[in-house]
file run_25.cif (mmCIF, C-alpha atoms)
data_coords
#
loop_
_atom_site.label_atom_id
_atom_site.label_comp_id
_atom_site.auth_asym_id
_atom_site.auth_seq_id
_atom_site.Cartn_x
_atom_site.Cartn_y
_atom_site.Cartn_z
CA MET A 2 -91.71 -23.78 -16.91
CA THR A 3 -95.01 -25.47 -16.13
CA HIS A 4 -95.75 -22.65 -13.69
CA LEU A 5 -95.43 -20.13 -16.52
CA LEU A 6 -97.90 -22.04 -18.65
CA SER A 7 -100.47 -22.26 -15.89
CA GLY A 8 -99.83 -18.72 -14.64
CA HIS A 9 -101.27 -15.42 -15.71
CA GLN A 10 -99.27 -15.04 -18.92
CA PRO A 11 -100.43 -17.42 -21.67
CA ALA A 12 -98.54 -18.47 -24.77
CA ARG A 13 -98.93 -16.07 -27.70
CA VAL A 14 -99.21 -17.01 -31.37
CA VAL A 15 -99.39 -14.50 -34.20
CA LEU A 16 -101.25 -15.57 -37.33
CA LEU A 17 -100.25 -13.29 -40.23
CA GLU A 18 -102.91 -13.47 -42.94
CA ILE A 19 -101.12 -12.28 -46.06
CA SER A 20 -103.44 -13.31 -48.87
CA SER A 21 -105.58 -10.17 -48.73
CA SER A 22 -105.11 -7.60 -51.47
CA LYS A 23 -104.85 -4.98 -48.70
CA PHE A 24 -101.59 -6.51 -47.43
CA THR A 25 -98.98 -4.25 -49.06
CA SER A 26 -95.21 -4.14 -48.73
CA GLN A 27 -95.53 -1.03 -46.53
CA LEU A 28 -97.92 -2.86 -44.18
CA ALA A 29 -95.60 -5.89 -44.15
CA SER A 30 -92.69 -3.67 -43.13
CA MET A 31 -94.70 -2.05 -40.33
CA VAL A 32 -95.84 -5.45 -39.02
CA CYS A 33 -92.27 -6.78 -39.00
CA ASN A 34 -90.96 -3.67 -37.24
CA ALA A 35 -93.71 -3.87 -34.60
CA LEU A 36 -93.05 -7.58 -33.99
CA GLU A 37 -89.33 -6.93 -33.73
CA ASN A 38 -89.84 -4.14 -31.18
CA ILE A 39 -92.29 -6.13 -29.04
CA LEU A 40 -90.18 -9.28 -29.07
CA CYS A 41 -86.98 -7.37 -28.31
CA ILE A 42 -88.61 -6.00 -25.16
CA GLY A 43 -90.18 -9.36 -24.29
CA ALA A 44 -86.90 -11.25 -24.71
CA ASN A 45 -84.77 -8.80 -22.73
CA MET A 46 -87.04 -7.45 -20.00
CA ALA A 47 -85.93 -8.18 -16.43
CA GLY A 48 -88.23 -10.14 -14.16
CA PRO A 49 -90.83 -12.72 -15.06
CA SER A 50 -91.58 -13.05 -18.75
CA ARG A 51 -94.71 -11.31 -20.01
CA ILE A 52 -94.56 -13.48 -23.14
CA PRO A 53 -93.39 -16.92 -21.91
CA LEU A 54 -94.00 -18.66 -25.26
CA PHE A 55 -94.34 -17.16 -28.72
CA GLY A 56 -95.03 -18.61 -32.17
CA MET A 57 -95.74 -17.27 -35.67
CA TYR A 58 -97.68 -18.60 -38.64
CA LEU A 59 -98.09 -17.18 -42.14
CA LEU A 60 -101.52 -17.78 -43.64
CA SER A 61 -101.86 -17.67 -47.39
CA SER A 62 -103.38 -20.74 -49.03
CA TYR A 63 -102.29 -22.89 -46.05
CA PRO A 64 -100.83 -22.20 -42.58
CA GLU A 65 -97.02 -22.18 -42.60
CA VAL A 66 -95.14 -22.36 -39.29
CA ILE A 67 -92.49 -19.65 -39.28
CA LEU A 68 -91.65 -19.97 -35.60
CA PRO A 69 -92.86 -22.89 -33.48
CA LEU A 70 -93.70 -22.12 -29.86
CA THR A 71 -90.47 -20.79 -28.41
CA CYS A 72 -89.46 -19.39 -25.04
CA THR A 73 -88.91 -15.66 -25.52
CA LYS A 74 -86.78 -14.88 -22.48
CA GLY A 75 -83.16 -14.48 -23.61
CA ASN A 76 -83.96 -15.86 -27.07
CA PHE A 77 -83.99 -12.73 -29.23
CA VAL A 78 -81.54 -14.15 -31.79
CA ARG A 79 -83.98 -16.91 -32.77
CA LEU A 80 -86.95 -14.53 -32.70
CA HIS A 81 -85.08 -12.01 -34.87
CA ALA A 82 -84.17 -14.75 -37.36
CA ALA A 83 -87.86 -15.65 -37.69
CA ILE A 84 -88.75 -12.00 -38.34
CA ASP A 85 -86.03 -11.87 -41.01
CA ASP A 86 -87.58 -14.98 -42.59
CA ILE A 87 -90.93 -13.17 -42.67
CA ARG A 88 -89.34 -10.08 -44.25
CA ASN A 89 -87.72 -12.25 -46.94
CA PHE A 90 -90.98 -14.08 -47.55
CA PHE A 91 -92.83 -10.77 -47.94
CA ALA A 92 -90.20 -9.40 -50.32
CA GLU A 93 -90.49 -12.48 -52.54
CA SER A 94 -94.23 -13.15 -52.36
CA LEU A 95 -95.87 -9.73 -52.48
CA GLU A 96 -94.73 -9.26 -56.06
CA ASN A 97 -96.56 -12.44 -57.13
CA HIS A 98 -99.53 -11.67 -54.91
CA HIS A 99 -103.05 -12.91 -55.57
CA SER A 100 -106.05 -12.91 -53.30
CA THR A 101 -107.47 -16.22 -52.04
CA ASP A 102 -110.25 -17.31 -49.73
CA VAL A 103 -108.49 -17.64 -46.36
CA LYS A 104 -111.40 -18.42 -44.03
CA PRO A 105 -110.62 -22.16 -43.99
CA CYS A 106 -106.91 -21.35 -43.67
CA ILE A 107 -107.49 -19.18 -40.59
CA ALA A 108 -109.36 -22.03 -38.92
CA GLU A 109 -106.54 -24.42 -39.86
CA GLY A 110 -103.95 -22.00 -38.47
CA VAL A 111 -105.76 -21.68 -35.15
CA SER A 112 -106.23 -25.45 -34.98
CA GLU A 113 -102.54 -26.08 -35.72
CA ALA A 114 -101.43 -23.52 -33.11
CA CYS A 115 -103.65 -25.17 -30.48
CA ALA A 116 -102.34 -28.63 -31.39
CA GLN A 117 -98.78 -27.35 -31.15
CA PHE A 118 -99.49 -25.92 -27.69
CA ARG A 119 -100.98 -29.25 -26.56
CA ARG A 120 -97.88 -31.11 -27.81
CA TYR A 121 -95.62 -28.60 -26.03
CA THR A 122 -97.44 -28.95 -22.70
CA ASN A 123 -97.53 -32.76 -23.02
CA ASN A 124 -93.75 -32.79 -23.56
CA LEU A 125 -93.27 -30.66 -20.44
CA SER A 126 -95.31 -33.00 -18.28
CA GLN A 127 -93.33 -36.10 -19.35
#

call {"tool": "encode", "arguments": {"input": "run_25.cif", "output": "structure tokens"}}
result
Amino acid sequence: MTHLLSGHQPARVVLLEISSSKFTSQLASMVCNALENILCIGANMAGPSRIPLFGMYLLSSYPEVILPLTCTKGNFVRLHAAIDDIRNFFAESLENHHSTDVKPCIAEGVSEACAQFRRYTNNLSQ
């Protein structure tokens, strides 16, 4: 696993910023469908993984971890469950939607994703 982390394919983290007034239910559906399609291919493709680690955060007023860094290869059930969680979150929250200033939240999300990656790599080296 350490070889994958130091190889050509880095870990991927998606930060979904949902506090914008432009984030509609139609856009949420398209994002979920696209993630589902990409992760289905990534989890089931033969050969070396193109997406060795994947994580997802929702950014509204604070970063919320939906899926911590997870191996994608052969793990579509867990990835699909995370996408279903996002769909449910969108269905519930877009009705009560209000715009907030997310610039600090984006920085927090990136910082948290980097810290999570450091913890993951430290656990692998132990």

call {"tool": "atom_distance", "arguments": {"input": "run_25.cif", "atom1": "atom CA of Phe77 of chain A", "atom2": "atom CA of Leu40 of chain A"}}
result
7.1 Å

call {"tool": "closest_residue", "arguments": {"input": "run_25.cif", "among": "A:Leu36, A:Leu54, A:Cys72, A:Leu80", "to": "Gln10 of chain A", "atoms": "all atoms listed in the file"}}
result
A:Leu54

call {"tool": "closest_residue", "arguments": {"input": "run_25.cif", "among": "A:Cys106, A:Met57, A:Cys41, A:Val32", "to": "Asn76 of chain A", "atoms": "all atoms listed in the file"}}
result
A:Cys41

call {"tool": "closest_residue", "arguments": {"input": "run_25.cif", "among": "A:Ser62, A:Asn34, A:Thr122, A:Gln117", "to": "Arg88 of chain A", "atoms": "only C-alpha atoms"}}
result
A:Asn34

call {"tool": "atom_distance", "arguments": {"input": "run_25.cif", "atom1": "atom CA of Glu37 of chain A", "atom2": "atom CA of Thr25 of chain A"}}
result
18.3 Å

call {"tool": "closest_residue", "arguments": {"input": "run_25.cif", "among": "A:Leu70, A:Ala44, A:Ile84, A:Val111", "to": "Pro11 of chain A", "atoms": "all atoms listed in the file"}}
result
A:Leu70

call {"tool": "atom_distance", "arguments": {"input": "run_25.cif", "atom1": "atom CA of Ser61 of chain A", "atom2": "atom CA of Ile19 of chain A"}}
result
5.6 Å

call {"tool": "residues_near_point", "arguments": {"input": "run_25.cif", "point": "(-105.0, -13.2, -44.0)", "cutoff": "7 Å", "atoms": "only C-alpha atoms", "output": "ChimeraX atom specification"}}
result
/A:17-21,60-61,103

call {"tool": "resolve_selection", "arguments": {"input": "run_25.cif", "expression": "the PyMOL selection byres ((chain A and resi 91) around 10)", "output": "ChimeraX atom specification"}}
result
/A:19,24-26,29-30,33,85-90,92-96,98

call {"tool": "closest_residue", "arguments": {"input": "run_25.cif", "among": "A:Leu28, A:Gly48, A:Ile107, A:Tyr121", "to": "Thr71 of chain A", "atoms": "only C-alpha atoms"}}
result
A:Tyr121

call {"tool": "closest_residue", "arguments": {"input": "run_25.cif", "among": "A:Pro64, A:Pro53, A:Gly75, A:Gly43", "to": "Glu113 of chain A", "atoms": "all atoms listed in the file"}}
result
A:Pro64

call {"tool": "axis_aligned_box", "arguments": {"input": "run_25.cif", "around": "segment 33-42 of chain A", "padding_each_side": "4 Å", "output": "AutoDock Vina command-line options"}}
result
--center_x -90.3 --center_y -6.5 --center_z -32.1 --size_x 14.7 --size_y 13.6 --size_z 21.8

call {"tool": "decode", "arguments": {"input": "run_25.cif", "residues": "segment 30-70 of chain A", "atoms": "N, CA and C atoms", "output": "short mmCIF file (atom, residue, chain, number, x, y, z; two decimals), in the first residue's frame"}}
result
data_model
loop_
_atom_site.label_atom_id
_atom_site.label_comp_id
_atom_site.auth_asym_id
_atom_site.auth_seq_id
_atom_site.Cartn_x
_atom_site.Cartn_y
_atom_site.Cartn_z
N SER A 30 -27.94 16.32 -7.95
CA SER A 30 -28.19 15.02 -8.58
C SER A 30 -27.12 14.68 -9.62
N MET A 31 -26.75 15.66 -10.43
CA MET A 31 -25.71 15.43 -11.45
C MET A 31 -24.36 15.13 -10.81
N VAL A 32 -24.03 15.83 -9.73
CA VAL A 32 -22.75 15.58 -9.03
C VAL A 32 -22.74 14.17 -8.45
N CYS A 33 -23.83 13.77 -7.81
CA CYS A 33 -23.90 12.42 -7.23
C CYS A 33 -23.80 11.35 -8.31
N ASN A 34 -24.49 11.55 -9.43
CA ASN A 34 -24.42 10.57 -10.52
C ASN A 34 -23.01 10.47 -11.08
N ALA A 35 -22.35 11.61 -11.26
CA ALA A 35 -20.98 11.60 -11.78
C ALA A 35 -20.03 10.91 -10.82
N LEU A 36 -20.14 11.21 -9.52
CA LEU A 36 -19.30 10.54 -8.53
C LEU A 36 -19.54 9.04 -8.52
N GLU A 37 -20.79 8.66 -8.59
CA GLU A 37 -21.13 7.23 -8.59
C GLU A 37 -20.52 6.53 -9.80
N ASN A 38 -20.61 7.13 -10.97
CA ASN A 38 -20.05 6.53 -12.18
C ASN A 38 -18.53 6.42 -12.11
N ILE A 39 -17.87 7.48 -11.69
CA ILE A 39 -16.40 7.47 -11.59
C ILE A 39 -15.93 6.45 -10.57
N LEU A 40 -16.58 6.42 -9.41
CA LEU A 40 -16.14 5.51 -8.36
C LEU A 40 -16.47 4.06 -8.68
N CYS A 41 -17.54 3.82 -9.42
CA CYS A 41 -17.85 2.46 -9.86
C CYS A 41 -16.73 1.94 -10.75
N ILE A 42 -16.30 2.75 -11.68
CA ILE A 42 -15.19 2.36 -12.56
C ILE A 42 -13.91 2.20 -11.75
N GLY A 43 -13.61 3.16 -10.89
CA GLY A 43 -12.39 3.11 -10.09
C GLY A 43 -12.32 1.91 -9.16
N ALA A 44 -13.47 1.50 -8.61
CA ALA A 44 -13.50 0.39 -7.67
C ALA A 44 -13.43 -0.96 -8.36
N ASN A 45 -13.85 -1.03 -9.62
CA ASN A 45 -13.97 -2.32 -10.29
C ASN A 45 -13.03 -2.53 -11.45
N MET A 46 -12.22 -1.54 -11.79
CA MET A 46 -11.32 -1.66 -12.93
C MET A 46 -10.20 -2.65 -12.62
N ALA A 47 -9.87 -3.49 -13.59
CA ALA A 47 -8.78 -4.45 -13.42
C ALA A 47 -7.44 -3.71 -13.47
N GLY A 48 -6.44 -4.30 -12.86
CA GLY A 48 -5.11 -3.70 -12.88
C GLY A 48 -4.90 -2.78 -11.70
N PRO A 49 -3.81 -2.04 -11.74
CA PRO A 49 -3.51 -1.13 -10.62
C PRO A 49 -4.57 -0.03 -10.52
N SER A 50 -4.86 0.36 -9.30
CA SER A 50 -5.90 1.35 -9.06
C SER A 50 -5.46 2.73 -9.54
N ARG A 51 -6.35 3.39 -10.26
CA ARG A 51 -6.10 4.77 -10.69
C ARG A 51 -6.48 5.75 -9.59
N ILE A 52 -7.30 5.29 -8.65
CA ILE A 52 -7.71 6.10 -7.50
C ILE A 52 -7.45 5.25 -6.26
N PRO A 53 -6.20 5.20 -5.77
CA PRO A 53 -5.91 4.31 -4.65
C PRO A 53 -6.66 4.68 -3.37
N LEU A 54 -6.79 5.96 -3.08
CA LEU A 54 -7.51 6.43 -1.89
C LEU A 54 -8.46 7.53 -2.30
N PHE A 55 -9.65 7.53 -1.67
CA PHE A 55 -10.65 8.53 -2.01
C PHE A 55 -11.36 8.96 -0.74
N GLY A 56 -11.66 10.25 -0.62
CA GLY A 56 -12.41 10.79 0.50
C GLY A 56 -13.34 11.89 0.04
N MET A 57 -14.38 12.18 0.83
CA MET A 57 -15.35 13.23 0.48
C MET A 57 -15.69 14.07 1.71
N TYR A 58 -15.78 15.36 1.47
CA TYR A 58 -16.20 16.32 2.50
C TYR A 58 -17.32 17.17 1.93
N LEU A 59 -18.29 17.50 2.79
CA LEU A 59 -19.30 18.50 2.45
C LEU A 59 -18.92 19.79 3.16
N LEU A 60 -18.93 20.89 2.42
CA LEU A 60 -18.59 22.19 2.99
C LEU A 60 -19.83 23.07 2.99
N SER A 61 -20.32 23.38 4.15
CA SER A 61 -21.39 24.37 4.25
C SER A 61 -20.89 25.45 5.20
N SER A 62 -21.25 25.40 6.47
CA SER A 62 -20.68 26.35 7.42
C SER A 62 -19.43 25.78 8.08
N TYR A 63 -19.21 24.48 7.92
CA TYR A 63 -18.01 23.81 8.43
C TYR A 63 -17.77 22.57 7.57
N PRO A 64 -16.54 22.05 7.51
CA PRO A 64 -16.28 20.84 6.73
C PRO A 64 -16.79 19.60 7.47
N GLU A 65 -17.57 18.79 6.78
CA GLU A 65 -18.12 17.56 7.36
C GLU A 65 -17.58 16.38 6.56
N VAL A 66 -16.92 15.45 7.25
CA VAL A 66 -16.37 14.27 6.59
C VAL A 66 -17.51 13.32 6.27
N ILE A 67 -17.73 13.08 4.98
CA ILE A 67 -18.73 12.11 4.55
C ILE A 67 -18.09 10.75 4.36
N LEU A 68 -16.88 10.76 3.82
CA LEU A 68 -16.13 9.52 3.60
C LEU A 68 -14.67 9.78 3.91
N PRO A 69 -14.14 9.19 5.00
CA PRO A 69 -12.71 9.36 5.26
C PRO A 69 -11.91 8.65 4.17
N LEU A 70 -10.63 8.95 4.07
CA LEU A 70 -9.81 8.31 3.05
C LEU A 70 -10.01 6.80 3.09
#
